[in-house]
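Okay, input_17.pdb now, which holds PDB, N, CA and C atoms:
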ATOM      1  N   MET A  71     -21.874   1.675  22.901
ATOM      2  CA  MET A  71     -20.845   1.296  21.950
ATOM      3  C   MET A  71     -20.541  -0.188  22.131
ATOM      4  N   LYS A  72     -20.372  -0.859  21.013
ATOM      5  CA  LYS A  72     -20.047  -2.276  21.041
ATOM      6  C   LYS A  72     -18.741  -2.503  20.292
ATOM      7  N   LYS A  73     -17.782  -3.074  20.953
ATOM      8  CA  LYS A  73     -16.477  -3.360  20.346
ATOM      9  C   LYS A  73     -16.545  -4.726  19.663
ATOM     10  N   GLN A  74     -16.009  -4.780  18.422
ATOM     11  CA  GLN A  74     -15.983  -6.025  17.671
ATOM     12  C   GLN A  74     -14.582  -6.268  17.138
ATOM     13  N   ASN A  75     -14.252  -7.496  16.900
ATOM     14  CA  ASN A  75     -12.968  -7.822  16.282
ATOM     15  C   ASN A  75     -13.051  -7.534  14.791
ATOM     16  N   ALA A  76     -12.093  -6.820  14.298
ATOM     17  CA  ALA A  76     -12.049  -6.491  12.874
ATOM     18  C   ALA A  76     -11.474  -7.656  12.081
ATOM     19  N   ARG A  77     -12.034  -7.880  10.906
ATOM     20  CA  ARG A  77     -11.484  -8.898  10.011
ATOM     21  C   ARG A  77     -10.239  -8.381   9.313
ATOM     22  N   ILE A  78     -10.161  -7.054   9.174
ATOM     23  CA  ILE A  78      -9.021  -6.463   8.477
ATOM     24  C   ILE A  78      -7.793  -6.532   9.379
ATOM     25  N   LYS A  79      -6.738  -7.128   8.845
ATOM     26  CA  LYS A  79      -5.508  -7.282   9.620
ATOM     27  C   LYS A  79      -4.423  -6.314   9.188
ATOM     28  N   SER A  80      -4.567  -5.773   7.977
ATOM     29  CA  SER A  80      -3.520  -4.883   7.476
ATOM     30  C   SER A  80      -4.107  -3.895   6.470
ATOM     31  N   CYS A  81      -3.439  -2.752   6.373
ATOM     32  CA  CYS A  81      -3.817  -1.740   5.398
ATOM     33  C   CYS A  81      -2.557  -1.266   4.672
ATOM     34  N   ILE A  82      -2.635  -1.221   3.365
ATOM     35  CA  ILE A  82      -1.550  -0.706   2.532
ATOM     36  C   ILE A  82      -1.961   0.685   2.083
ATOM     37  N   LEU A  83      -1.240   1.686   2.542
ATOM     38  CA  LEU A  83      -1.539   3.072   2.169
ATOM     39  C   LEU A  83      -0.610   3.506   1.043
ATOM     40  N   VAL A  84      -1.190   3.990  -0.047
ATOM     41  CA  VAL A  84      -0.433   4.449  -1.207
ATOM     42  C   VAL A  84      -0.626   5.957  -1.325
ATOM     43  N   CYS A  85       0.454   6.704  -1.262
ATOM     44  CA  CYS A  85       0.353   8.152  -1.395
ATOM     45  C   CYS A  85      -0.152   8.498  -2.794
ATOM     46  N   ALA A  86      -1.182   9.339  -2.843
ATOM     47  CA  ALA A  86      -1.748   9.770  -4.117
ATOM     48  C   ALA A  86      -1.680  11.292  -4.243
ATOM     49  N   HIS A  87      -0.790  11.903  -3.494
ATOM     50  CA  HIS A  87      -0.688  13.360  -3.458
ATOM     51  C   HIS A  87      -0.113  13.917  -4.761
ATOM     52  N   GLY A  88      -0.620  15.061  -5.169
ATOM     53  CA  GLY A  88      -0.109  15.750  -6.352
ATOM     54  C   GLY A  88      -0.981  15.536  -7.571
ATOM     55  N   LYS A  89      -0.476  16.024  -8.698
ATOM     56  CA  LYS A  89      -1.205  15.911  -9.957
ATOM     57  C   LYS A  89      -0.531  14.886 -10.852
ATOM     58  N   LYS A  90      -1.352  14.125 -11.563
ATOM     59  CA  LYS A  90      -0.810  13.175 -12.524
ATOM     60  C   LYS A  90       0.046  13.925 -13.522
ATOM     61  N   GLY A  91       1.206  13.384 -13.817
ATOM     62  CA  GLY A  91       2.094  13.998 -14.794
ATOM     63  C   GLY A  91       3.018  15.053 -14.219
ATOM     64  N   LYS A  92       2.783  15.461 -12.975
ATOM     65  CA  LYS A  92       3.651  16.465 -12.350
ATOM     66  C   LYS A  92       4.796  15.756 -11.639
ATOM     67  N   LYS A  93       6.007  15.947 -12.144
ATOM     68  CA  LYS A  93       7.177  15.303 -11.555
ATOM     69  C   LYS A  93       7.382  15.784 -10.125
ATOM     70  N   GLY A  94       7.941  14.904  -9.315
ATOM     71  CA  GLY A  94       8.229  15.260  -7.934
ATOM     72  C   GLY A  94       7.073  15.013  -6.987
ATOM     73  N   THR A  95       6.004  14.369  -7.469
ATOM     74  CA  THR A  95       4.882  13.999  -6.603
ATOM     75  C   THR A  95       4.605  12.509  -6.782
ATOM     76  N   CYS A  96       3.946  11.933  -5.800
ATOM     77  CA  CYS A  96       3.611  10.516  -5.923
ATOM     78  C   CYS A  96       2.639  10.268  -7.073
ATOM     79  N   ALA A  97       1.643  11.151  -7.194
ATOM     80  CA  ALA A  97       0.688  10.991  -8.303
ATOM     81  C   ALA A  97       1.406  11.101  -9.644
ATOM     82  N   GLY A  98       2.356  12.013  -9.726
ATOM     83  CA  GLY A  98       3.138  12.180 -10.947
ATOM     84  C   GLY A  98       4.075  11.021 -11.224
ATOM     85  N   SER A  99       4.327  10.220 -10.181
ATOM     86  CA  SER A  99       5.205   9.048 -10.325
ATOM     87  C   SER A  99       4.427   7.759 -10.540
ATOM     88  N   GLY A 100       3.121   7.863 -10.736
ATOM     89  CA  GLY A 100       2.327   6.684 -11.070
ATOM     90  C   GLY A 100       1.667   5.979  -9.901
ATOM     91  N   SER A 101       1.350   6.711  -8.832
ATOM     92  CA  SER A 101       0.780   6.069  -7.648
ATOM     93  C   SER A 101      -0.613   5.472  -7.892
ATOM     94  N   SER A 102      -1.399   6.039  -8.797
ATOM     95  CA  SER A 102      -2.729   5.473  -9.077
ATOM     96  C   SER A 102      -2.606   4.087  -9.699
ATOM     97  N   LYS A 103      -1.699   3.941 -10.652
ATOM     98  CA  LYS A 103      -1.465   2.631 -11.266
ATOM     99  C   LYS A 103      -0.907   1.656 -10.235
ATOM    100  N   LEU A 104      -0.041   2.163  -9.354
ATOM    101  CA  LEU A 104       0.541   1.330  -8.306
ATOM    102  C   LEU A 104      -0.543   0.828  -7.354
ATOM    103  N   ALA A 105      -1.468   1.692  -6.961
ATOM    104  CA  ALA A 105      -2.562   1.283  -6.074
ATOM    105  C   ALA A 105      -3.402   0.190  -6.725
ATOM    106  N   LYS A 106      -3.698   0.336  -8.018
ATOM    107  CA  LYS A 106      -4.464  -0.692  -8.743
ATOM    108  C   LYS A 106      -3.695  -2.010  -8.776
ATOM    109  N   LEU A 107      -2.397  -1.935  -9.023
ATOM    110  CA  LEU A 107      -1.560  -3.134  -9.056
ATOM    111  C   LEU A 107      -1.565  -3.829  -7.692
ATOM    112  N   LEU A 108      -1.423  -3.057  -6.615
ATOM    113  CA  LEU A 108      -1.435  -3.638  -5.276
ATOM    114  C   LEU A 108      -2.790  -4.271  -4.966
ATOM    115  N   LYS A 109      -3.879  -3.606  -5.343
ATOM    116  CA  LYS A 109      -5.209  -4.176  -5.133
ATOM    117  C   LYS A 109      -5.360  -5.490  -5.892
ATOM    118  N   ASN A 110      -4.903  -5.515  -7.139
ATOM    119  CA  ASN A 110      -4.980  -6.749  -7.932
ATOM    120  C   ASN A 110      -4.149  -7.861  -7.298
ATOM    121  N   GLU A 111      -2.983  -7.521  -6.795
ATOM    122  CA  GLU A 111      -2.099  -8.512  -6.165
ATOM    123  C   GLU A 111      -2.751  -9.061  -4.889
ATOM    124  N   VAL A 112      -3.357  -8.192  -4.108
ATOM    125  CA  VAL A 112      -4.058  -8.617  -2.898
ATOM    126  C   VAL A 112      -5.231  -9.524  -3.265
ATOM    127  N   ASP A 113      -6.003  -9.151  -4.285
ATOM    128  CA  ASP A 113      -7.133  -9.972  -4.739
ATOM    129  C   ASP A 113      -6.664 -11.326  -5.252
ATOM    130  N   LYS A 114      -5.587 -11.314  -6.034
ATOM    131  CA  LYS A 114      -5.052 -12.544  -6.624
ATOM    132  C   LYS A 114      -4.645 -13.549  -5.544
ATOM    133  N   ARG A 115      -4.224 -13.040  -4.396
ATOM    134  CA  ARG A 115      -3.779 -13.908  -3.302
ATOM    135  C   ARG A 115      -4.891 -14.171  -2.282
ATOM    136  N   SER A 116      -6.107 -13.826  -2.646
ATOM    137  CA  SER A 116      -7.289 -14.056  -1.795
ATOM    138  C   SER A 116      -7.150 -13.409  -0.419
ATOM    139  N   LEU A 117      -6.615 -12.187  -0.393
ATOM    140  CA  LEU A 117      -6.426 -11.457   0.865
ATOM    141  C   LEU A 117      -7.399 -10.294   1.015
ATOM    142  N   LYS A 118      -8.336 -10.170   0.086
ATOM    143  CA  LYS A 118      -9.220  -9.009   0.037
ATOM    144  C   LYS A 118      -9.977  -8.764   1.341
ATOM    145  N   LYS A 119     -10.310  -9.821   2.067
ATOM    146  CA  LYS A 119     -11.070  -9.659   3.309
ATOM    147  C   LYS A 119     -10.204  -9.208   4.485
ATOM    148  N   VAL A 120      -8.891  -9.408   4.407
ATOM    149  CA  VAL A 120      -8.027  -9.072   5.551
ATOM    150  C   VAL A 120      -7.020  -7.960   5.270
ATOM    151  N   VAL A 121      -6.832  -7.614   3.994
ATOM    152  CA  VAL A 121      -5.890  -6.548   3.622
ATOM    153  C   VAL A 121      -6.610  -5.539   2.736
ATOM    154  N   LYS A 122      -6.521  -4.283   3.100
ATOM    155  CA  LYS A 122      -7.133  -3.216   2.306
ATOM    156  C   LYS A 122      -6.039  -2.330   1.719
ATOM    157  N   VAL A 123      -6.222  -1.922   0.485
ATOM    158  CA  VAL A 123      -5.323  -0.973  -0.180
ATOM    159  C   VAL A 123      -6.080   0.337  -0.303
ATOM    160  N   ARG A 124      -5.483   1.399   0.204
ATOM    161  CA  ARG A 124      -6.134   2.704   0.190
ATOM    162  C   ARG A 124      -5.170   3.780  -0.272
ATOM    163  N   LYS A 125      -5.691   4.706  -1.071
ATOM    164  CA  LYS A 125      -4.912   5.887  -1.436
ATOM    165  C   LYS A 125      -5.001   6.869  -0.274
ATOM    166  N   THR A 126      -3.924   7.581  -0.045
ATOM    167  CA  THR A 126      -3.892   8.555   1.038
ATOM    168  C   THR A 126      -3.237   9.842   0.555
ATOM    169  N   ASP A 127      -3.318  10.858   1.379
ATOM    170  CA  ASP A 127      -2.692  12.135   1.059
ATOM    171  C   ASP A 127      -1.191  12.037   1.328
ATOM    172  N   CYS A 128      -0.511  13.130   1.242
ATOM    173  CA  CYS A 128       0.941  13.197   1.302
ATOM    174  C   CYS A 128       1.535  12.474   2.515
ATOM    175  N   LEU A 129       2.567  11.687   2.249
ATOM    176  CA  LEU A 129       3.309  10.996   3.298
ATOM    177  C   LEU A 129       4.625  11.706   3.617
ATOM    178  N   GLY A 130       4.838  12.868   2.992
ATOM    179  CA  GLY A 130       5.978  13.706   3.335
ATOM    180  C   GLY A 130       7.290  13.370   2.653
ATOM    181  N   GLN A 131       7.262  12.525   1.649
ATOM    182  CA  GLN A 131       8.487  12.140   0.936
ATOM    183  C   GLN A 131       8.266  12.237  -0.569
ATOM    184  N   CYS A 132       7.726  13.365  -1.010
ATOM    185  CA  CYS A 132       7.291  13.532  -2.404
ATOM    186  C   CYS A 132       8.356  13.171  -3.435
ATOM    187  N   SER A 133       9.586  13.592  -3.213
ATOM    188  CA  SER A 133      10.636  13.359  -4.201
ATOM    189  C   SER A 133      11.050  11.893  -4.289
ATOM    190  N   LYS A 134      10.568  11.074  -3.364
ATOM    191  CA  LYS A 134      10.927   9.655  -3.344
ATOM    192  C   LYS A 134       9.791   8.752  -3.788
ATOM    193  N   GLY A 135       8.734   9.356  -4.351
ATOM    194  CA  GLY A 135       7.536   8.598  -4.673
ATOM    195  C   GLY A 135       7.660   7.722  -5.896
ATOM    196  N   PRO A 136       6.696   6.839  -6.067
ATOM    197  CA  PRO A 136       5.552   6.644  -5.206
ATOM    198  C   PRO A 136       5.933   5.966  -3.878
ATOM    199  N   ASN A 137       5.227   6.385  -2.826
ATOM    200  CA  ASN A 137       5.498   5.904  -1.480
ATOM    201  C   ASN A 137       4.339   5.064  -0.967
ATOM    202  N   VAL A 138       4.689   4.068  -0.134
ATOM    203  CA  VAL A 138       3.716   3.138   0.425
ATOM    204  C   VAL A 138       4.046   2.921   1.897
ATOM    205  N   VAL A 139       2.998   2.861   2.730
ATOM    206  CA  VAL A 139       3.158   2.526   4.141
ATOM    207  C   VAL A 139       2.240   1.349   4.449
ATOM    208  N   ILE A 140       2.766   0.410   5.227
ATOM    209  CA  ILE A 140       2.007  -0.771   5.631
ATOM    210  C   ILE A 140       1.677  -0.659   7.118
ATOM    211  N   PHE A 141       0.411  -0.884   7.456
ATOM    212  CA  PHE A 141       0.011  -0.952   8.860
ATOM    213  C   PHE A 141      -0.658  -2.277   9.112
ATOM    214  N   PRO A 142      -0.471  -2.899  10.280
ATOM    215  CA  PRO A 142       0.322  -2.390  11.386
ATOM    216  C   PRO A 142       1.813  -2.509  11.093
ATOM    217  N   GLY A 143       2.576  -1.863  11.869
ATOM    218  CA  GLY A 143       4.028  -1.923  11.746
ATOM    219  C   GLY A 143       4.644  -0.644  11.238
ATOM    220  N   GLY A 144       3.967   0.021  10.315
ATOM    221  CA  GLY A 144       4.469   1.290   9.810
ATOM    222  C   GLY A 144       5.654   1.185   8.862
ATOM    223  N   SER A 145       5.837   0.034   8.208
ATOM    224  CA  SER A 145       6.930  -0.098   7.236
ATOM    225  C   SER A 145       6.712   0.891   6.099
ATOM    226  N   PHE A 146       7.745   1.669   5.782
ATOM    227  CA  PHE A 146       7.664   2.713   4.760
ATOM    228  C   PHE A 146       8.523   2.316   3.571
ATOM    229  N   TYR A 147       7.937   2.375   2.382
ATOM    230  CA  TYR A 147       8.650   2.035   1.155
ATOM    231  C   TYR A 147       8.598   3.231   0.210
ATOM    232  N   SER A 148       9.721   3.553  -0.407
ATOM    233  CA  SER A 148       9.751   4.649  -1.377
ATOM    234  C   SER A 148      10.270   4.133  -2.719
ATOM    235  N   HIS A 149      10.054   4.928  -3.770
ATOM    236  CA  HIS A 149      10.436   4.550  -5.141
ATOM    237  C   HIS A 149       9.865   3.168  -5.494
ATOM    238  N   VAL A 150       8.611   2.930  -5.136
ATOM    239  CA  VAL A 150       8.001   1.622  -5.341
ATOM    240  C   VAL A 150       7.702   1.414  -6.828
ATOM    241  N   THR A 151       8.132   0.263  -7.339
ATOM    242  CA  THR A 151       7.925  -0.124  -8.739
ATOM    243  C   THR A 151       6.945  -1.299  -8.795
ATOM    244  N   ARG A 152       6.607  -1.736  -9.998
ATOM    245  CA  ARG A 152       5.739  -2.910 -10.156
ATOM    246  C   ARG A 152       6.355  -4.122  -9.468
ATOM    247  N   THR A 153       7.643  -4.326  -9.673
ATOM    248  CA  THR A 153       8.328  -5.480  -9.087
ATOM    249  C   THR A 153       8.369  -5.378  -7.569
ATOM    250  N   SER A 154       8.720  -4.203  -7.065
ATOM    251  CA  SER A 154       8.817  -4.071  -5.609
ATOM    252  C   SER A 154       7.431  -4.127  -4.956
ATOM    253  N   ALA A 155       6.380  -3.762  -5.679
ATOM    254  CA  ALA A 155       5.026  -3.866  -5.136
ATOM    255  C   ALA A 155       4.689  -5.320  -4.833
ATOM    256  N   CYS A 156       5.059  -6.214  -5.719
ATOM    257  CA  CYS A 156       4.827  -7.644  -5.493
ATOM    258  C   CYS A 156       5.644  -8.137  -4.302
ATOM    259  N   THR A 157       6.857  -7.628  -4.158
ATOM    260  CA  THR A 157       7.711  -7.990  -3.022
ATOM    261  C   THR A 157       7.085  -7.505  -1.718
ATOM    262  N   ILE A 158       6.500  -6.310  -1.736
ATOM    263  CA  ILE A 158       5.834  -5.777  -0.547
ATOM    264  C   ILE A 158       4.695  -6.702  -0.126
ATOM    265  N   VAL A 159       3.901  -7.157  -1.081
ATOM    266  CA  VAL A 159       2.793  -8.068  -0.763
ATOM    267  C   VAL A 159       3.347  -9.403  -0.258
ATOM    268  N   ASP A 160       4.438  -9.887  -0.836
ATOM    269  CA  ASP A 160       5.080 -11.114  -0.342
ATOM    270  C   ASP A 160       5.461 -10.968   1.127
ATOM    271  N   GLU A 161       6.092  -9.836   1.463
ATOM    272  CA  GLU A 161       6.514  -9.579   2.841
ATOM    273  C   GLU A 161       5.311  -9.478   3.770
ATOM    274  N   LEU A 162       4.246  -8.866   3.293
ATOM    275  CA  LEU A 162       3.037  -8.737   4.087
ATOM    276  C   LEU A 162       2.415 -10.095   4.356
ATOM    277  N   VAL A 163       2.382 -10.954   3.352
ATOM    278  CA  VAL A 163       1.848 -12.308   3.514
ATOM    279  C   VAL A 163       2.652 -13.056   4.568
ATOM    280  N   ALA A 164       3.969 -12.940   4.509
ATOM    281  CA  ALA A 164       4.828 -13.610   5.498
ATOM    282  C   ALA A 164       4.538 -13.092   6.907
ATOM    283  N   LEU A 165       4.339 -11.785   7.024
ATOM    284  CA  LEU A 165       4.022 -11.177   8.320
ATOM    285  C   LEU A 165       2.679 -11.665   8.841
ATOM    286  N   LEU A 166       1.682 -11.712   7.968
ATOM    287  CA  LEU A 166       0.356 -12.175   8.375
ATOM    288  C   LEU A 166       0.386 -13.654   8.770
ATOM    289  N   ASP A 167       1.158 -14.463   8.040
ATOM    290  CA  ASP A 167       1.285 -15.876   8.360
ATOM    291  C   ASP A 167       1.950 -16.055   9.729
ATOM    292  N   LYS A 168       2.932 -15.221  10.016
ATOM    293  CA  LYS A 168       3.669 -15.270  11.277
ATOM    294  C   LYS A 168       2.747 -14.910  12.446
ATOM    295  N   ASP A 169       1.869 -13.941  12.237
ATOM    296  CA  ASP A 169       0.964 -13.489  13.288
ATOM    297  C   ASP A 169      -0.253 -14.393  13.489
ATOM    298  N   SER A 170      -0.473 -15.311  12.560
ATOM    299  CA  SER A 170      -1.665 -16.185  12.660
ATOM    300  C   SER A 170      -1.494 -17.246  13.715
TER     301      SER A 170
END
Take the structure in the file and give it back as structure tokens.
Amino acid sequence: MKKQNARIKSCILVCAHGKKGKKGTCAGSGSSKLAKLLKNEVDKRSLKKVVKVRKTDCLGQCSKGPNVVIFPGGSFYSHVTRTSACTIVDELVALLDKDS
């Protein structure tokens, strides 16, 4: 086994649990569109090589969706909107700049 330094510094997990259109689930609250928006925001800021956006299964807060978790750190965001998604990326950029 050979250990290497990862280029990825952060991962944004977007809950995609449930069925589209079904209220009370992240998928029903628009998590697929939110994941695309976050990916576009990450790309727009040239962070694609160090930040990954991934859909994940249930984060256990279905009624508060769409939900997002940022790693490292484990910051949890609920009721994420288009506007708050941009704020999340802003906060992540500040965190990455601080750690550099």
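If you measure from each of A:Ile78, A:Val121, A:Cys132, A:Val112 to Ala155 in chain A using only C-alpha atoms, the closest one turns out to be A:Val112.
The gap separating atom N of Leu108 in chain A from atom C of Cys81 in chain A is 11.5 Å, in Å to one decimal.
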Take the point (1.0, -10.3, -3.4) in the file's coordinates, draw a sphere of radius 9 Å around it, and report as number ranges by chain every protein, DNA or RNA residue with an atom inside or on it, counting only C-alpha atoms.
-> A: 108-115, 117, 155-163
Written file, previous selection with N, CA and C atoms, as a compact mmCIF listing (two decimals), in the frame of the given file:
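Generated output (part_31.txt):
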# COMPACT_ATOMS: atom_id res chain seq x y z
N LEU A 108 -1.42 -3.06 -6.62
CA LEU A 108 -1.44 -3.64 -5.28
C LEU A 108 -2.79 -4.27 -4.97
N LYS A 109 -3.88 -3.61 -5.34
CA LYS A 109 -5.21 -4.18 -5.13
C LYS A 109 -5.36 -5.49 -5.89
N ASN A 110 -4.90 -5.52 -7.14
CA ASN A 110 -4.98 -6.75 -7.93
C ASN A 110 -4.15 -7.86 -7.30
N GLU A 111 -2.98 -7.52 -6.80
CA GLU A 111 -2.10 -8.51 -6.16
C GLU A 111 -2.75 -9.06 -4.89
N VAL A 112 -3.36 -8.19 -4.11
CA VAL A 112 -4.06 -8.62 -2.90
C VAL A 112 -5.23 -9.52 -3.26
N ASP A 113 -6.00 -9.15 -4.28
CA ASP A 113 -7.13 -9.97 -4.74
C ASP A 113 -6.66 -11.33 -5.25
N LYS A 114 -5.59 -11.31 -6.03
CA LYS A 114 -5.05 -12.54 -6.62
C LYS A 114 -4.64 -13.55 -5.54
N ARG A 115 -4.22 -13.04 -4.40
CA ARG A 115 -3.78 -13.91 -3.30
C ARG A 115 -4.89 -14.17 -2.28
N LEU A 117 -6.62 -12.19 -0.39
CA LEU A 117 -6.43 -11.46 0.86
C LEU A 117 -7.40 -10.29 1.01
N ALA A 155 6.38 -3.76 -5.68
CA ALA A 155 5.03 -3.87 -5.14
C ALA A 155 4.69 -5.32 -4.83
N CYS A 156 5.06 -6.21 -5.72
CA CYS A 156 4.83 -7.64 -5.49
C CYS A 156 5.64 -8.14 -4.30
N THR A 157 6.86 -7.63 -4.16
CA THR A 157 7.71 -7.99 -3.02
C THR A 157 7.08 -7.50 -1.72
N ILE A 158 6.50 -6.31 -1.74
CA ILE A 158 5.83 -5.78 -0.55
C ILE A 158 4.70 -6.70 -0.13
N VAL A 159 3.90 -7.16 -1.08
CA VAL A 159 2.79 -8.07 -0.76
C VAL A 159 3.35 -9.40 -0.26
N ASP A 160 4.44 -9.89 -0.84
CA ASP A 160 5.08 -11.11 -0.34
C ASP A 160 5.46 -10.97 1.13
N GLU A 161 6.09 -9.84 1.46
CA GLU A 161 6.51 -9.58 2.84
C GLU A 161 5.31 -9.48 3.77
N LEU A 162 4.25 -8.87 3.29
CA LEU A 162 3.04 -8.74 4.09
C LEU A 162 2.42 -10.10 4.36
N VAL A 163 2.38 -10.95 3.35
CA VAL A 163 1.85 -12.31 3.51
C VAL A 163 2.65 -13.06 4.57
Name the closest residue to Cys85 in chain A among the candidates A:Asp167, A:Lys106, A:Gly144, A:Ser101; distances are taken between atoms, counting only N, CA and C atoms.
->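 For Cys85 in chain A, the nearest of the given residues is A:Ser101.
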Exercise: Lys93 in chain A partners within 12 Å, only C-alpha atoms, chain neighbours under 6 positions left out, as a ChimeraX atom specification = /A:87,99-101,132-136
Okay, now the selection with N, CA and C atoms, as a PDB file, in the coordinates of the input?
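Generated file (selection_26.pdb):
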ATOM      1  N   HIS A  87      -0.790  11.903  -3.494  1.00  0.00           N
ATOM      2  CA  HIS A  87      -0.688  13.360  -3.458  1.00  0.00           C
ATOM      3  C   HIS A  87      -0.113  13.917  -4.761  1.00  0.00           C
ATOM      4  N   SER A  99       4.327  10.220 -10.181  1.00  0.00           N
ATOM      5  CA  SER A  99       5.205   9.048 -10.325  1.00  0.00           C
ATOM      6  C   SER A  99       4.427   7.759 -10.540  1.00  0.00           C
ATOM      7  N   GLY A 100       3.121   7.863 -10.736  1.00  0.00           N
ATOM      8  CA  GLY A 100       2.327   6.684 -11.070  1.00  0.00           C
ATOM      9  C   GLY A 100       1.667   5.979  -9.901  1.00  0.00           C
ATOM     10  N   SER A 101       1.350   6.711  -8.832  1.00  0.00           N
ATOM     11  CA  SER A 101       0.780   6.069  -7.648  1.00  0.00           C
ATOM     12  C   SER A 101      -0.613   5.472  -7.892  1.00  0.00           C
ATOM     13  N   CYS A 132       7.726  13.365  -1.010  1.00  0.00           N
ATOM     14  CA  CYS A 132       7.291  13.532  -2.404  1.00  0.00           C
ATOM     15  C   CYS A 132       8.356  13.171  -3.435  1.00  0.00           C
ATOM     16  N   SER A 133       9.586  13.592  -3.213  1.00  0.00           N
ATOM     17  CA  SER A 133      10.636  13.359  -4.201  1.00  0.00           C
ATOM     18  C   SER A 133      11.050  11.893  -4.289  1.00  0.00           C
ATOM     19  N   LYS A 134      10.568  11.074  -3.364  1.00  0.00           N
ATOM     20  CA  LYS A 134      10.927   9.655  -3.344  1.00  0.00           C
ATOM     21  C   LYS A 134       9.791   8.752  -3.788  1.00  0.00           C
ATOM     22  N   GLY A 135       8.734   9.356  -4.351  1.00  0.00           N
ATOM     23  CA  GLY A 135       7.536   8.598  -4.673  1.00  0.00           C
ATOM     24  C   GLY A 135       7.660   7.722  -5.896  1.00  0.00           C
ATOM     25  N   PRO A 136       6.696   6.839  -6.067  1.00  0.00           N
ATOM     26  CA  PRO A 136       5.552   6.644  -5.206  1.00  0.00           C
ATOM     27  C   PRO A 136       5.933   5.966  -3.878  1.00  0.00           C
TER      28      PRO A 136
END
Reference answer for the PyMOL selection byres ((chain A and resi 79) around 8), as a short mmCIF file (atom, residue, chain, number, x, y, z; two decimals) with N, CA and C atoms, in the coordinates of the input:
data_model
loop_
_atom_site.label_atom_id
_atom_site.label_comp_id
_atom_site.auth_asym_id
_atom_site.auth_seq_id
_atom_site.Cartn_x
_atom_site.Cartn_y
_atom_site.Cartn_z
N ALA A 76 -12.09 -6.82 14.30
CA ALA A 76 -12.05 -6.49 12.87
C ALA A 76 -11.47 -7.66 12.08
N ARG A 77 -12.03 -7.88 10.91
CA ARG A 77 -11.48 -8.90 10.01
C ARG A 77 -10.24 -8.38 9.31
N ILE A 78 -10.16 -7.05 9.17
CA ILE A 78 -9.02 -6.46 8.48
C ILE A 78 -7.79 -6.53 9.38
N SER A 80 -4.57 -5.77 7.98
CA SER A 80 -3.52 -4.88 7.48
C SER A 80 -4.11 -3.90 6.47
N CYS A 81 -3.44 -2.75 6.37
CA CYS A 81 -3.82 -1.74 5.40
C CYS A 81 -2.56 -1.27 4.67
N ILE A 82 -2.64 -1.22 3.36
CA ILE A 82 -1.55 -0.71 2.53
C ILE A 82 -1.96 0.68 2.08
N LYS A 119 -10.31 -9.82 2.07
CA LYS A 119 -11.07 -9.66 3.31
C LYS A 119 -10.20 -9.21 4.49
N VAL A 120 -8.89 -9.41 4.41
CA VAL A 120 -8.03 -9.07 5.55
C VAL A 120 -7.02 -7.96 5.27
N VAL A 121 -6.83 -7.61 3.99
CA VAL A 121 -5.89 -6.55 3.62
C VAL A 121 -6.61 -5.54 2.74
N LYS A 122 -6.52 -4.28 3.10
CA LYS A 122 -7.13 -3.22 2.31
C LYS A 122 -6.04 -2.33 1.72
N PHE A 141 0.41 -0.88 7.46
CA PHE A 141 0.01 -0.95 8.86
C PHE A 141 -0.66 -2.28 9.11
N PRO A 142 -0.47 -2.90 10.28
CA PRO A 142 0.32 -2.39 11.39
C PRO A 142 1.81 -2.51 11.09
N LEU A 166 1.68 -11.71 7.97
CA LEU A 166 0.36 -12.18 8.38
C LEU A 166 0.39 -13.65 8.77
#
Straight-line distance linking atom N of Asp127 in chain A with atom C of Lys73 in chain A, stated in Å to one decimal = 27.4 Å
Would you work out the distance separating atom C of Val150 in chain A from atom C of Leu165 in chain A, expressed in Å to one decimal?
->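 So the two atoms, atom C of Val150 in chain A and atom C of Leu165 in chain A, lie 21.0 Å apart.
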If the PyMOL selection byres ((chain A and resi 138) around 6) is run on the structure shown, which residues does it catch, given as a compact mmCIF listing (two decimals) with N, CA and C atoms, in the coordinates of the input?
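As written to disk, expr39.txt reads:
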# COMPACT_ATOMS: atom_id res chain seq x y z
N LEU A 83 -1.24 1.69 2.54
CA LEU A 83 -1.54 3.07 2.17
C LEU A 83 -0.61 3.51 1.04
N VAL A 84 -1.19 3.99 -0.05
CA VAL A 84 -0.43 4.45 -1.21
C VAL A 84 -0.63 5.96 -1.32
N CYS A 85 0.45 6.70 -1.26
CA CYS A 85 0.35 8.15 -1.40
C CYS A 85 -0.15 8.50 -2.79
N PRO A 136 6.70 6.84 -6.07
CA PRO A 136 5.55 6.64 -5.21
C PRO A 136 5.93 5.97 -3.88
N ASN A 137 5.23 6.38 -2.83
CA ASN A 137 5.50 5.90 -1.48
C ASN A 137 4.34 5.06 -0.97
N VAL A 139 3.00 2.86 2.73
CA VAL A 139 3.16 2.53 4.14
C VAL A 139 2.24 1.35 4.45
N ILE A 140 2.77 0.41 5.23
CA ILE A 140 2.01 -0.77 5.63
C ILE A 140 1.68 -0.66 7.12
N SER A 145 5.84 0.03 8.21
CA SER A 145 6.93 -0.10 7.24
C SER A 145 6.71 0.89 6.10
N PHE A 146 7.74 1.67 5.78
CA PHE A 146 7.66 2.71 4.76
C PHE A 146 8.52 2.32 3.57
N TYR A 147 7.94 2.38 2.38
CA TYR A 147 8.65 2.04 1.16
C TYR A 147 8.60 3.23 0.21
N SER A 148 9.72 3.55 -0.41
CA SER A 148 9.75 4.65 -1.38
C SER A 148 10.27 4.13 -2.72
Based on DSSP run over this structure's backbone, return all residues of chain A in helix (DSSP H, G or I), as a count of residues only.
-> 38
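Nearest-residue note for Cys128 in chain A: choosing from A:Arg152, A:Ala164, A:Cys96, A:Lys72, the minimum distance belongs to A:Cys96, counting all atoms listed in the file.
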Sel. of strand (DSSP E or B) residues, chain A, as a list in words = Ser80, Cys81, Ile82, Leu83, Val84, Cys85, Val121, Lys122, Val123, Arg124, Lys125, Thr126, Val138, Val139, Ile140, Phe141, Ser145, Phe146 and Tyr147 of chain A
Listed atoms of range 143-149 of chain A boxed along x, y and z, 3 Å each side, centre and edge lengths in Å, one decimal, as lines of an AutoDock Vina configuration file:
center_x = 6.5
center_y = 1.5
center_z = 3.2
size_x = 13.9
size_y = 12.9
size_z = 23.4
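With only C-alpha atoms as the basis for measurement, A:Leu104 is the residue among A:Gly94, A:Met71, A:Ala86, A:Leu104 that approaches Thr151 in chain A most closely.
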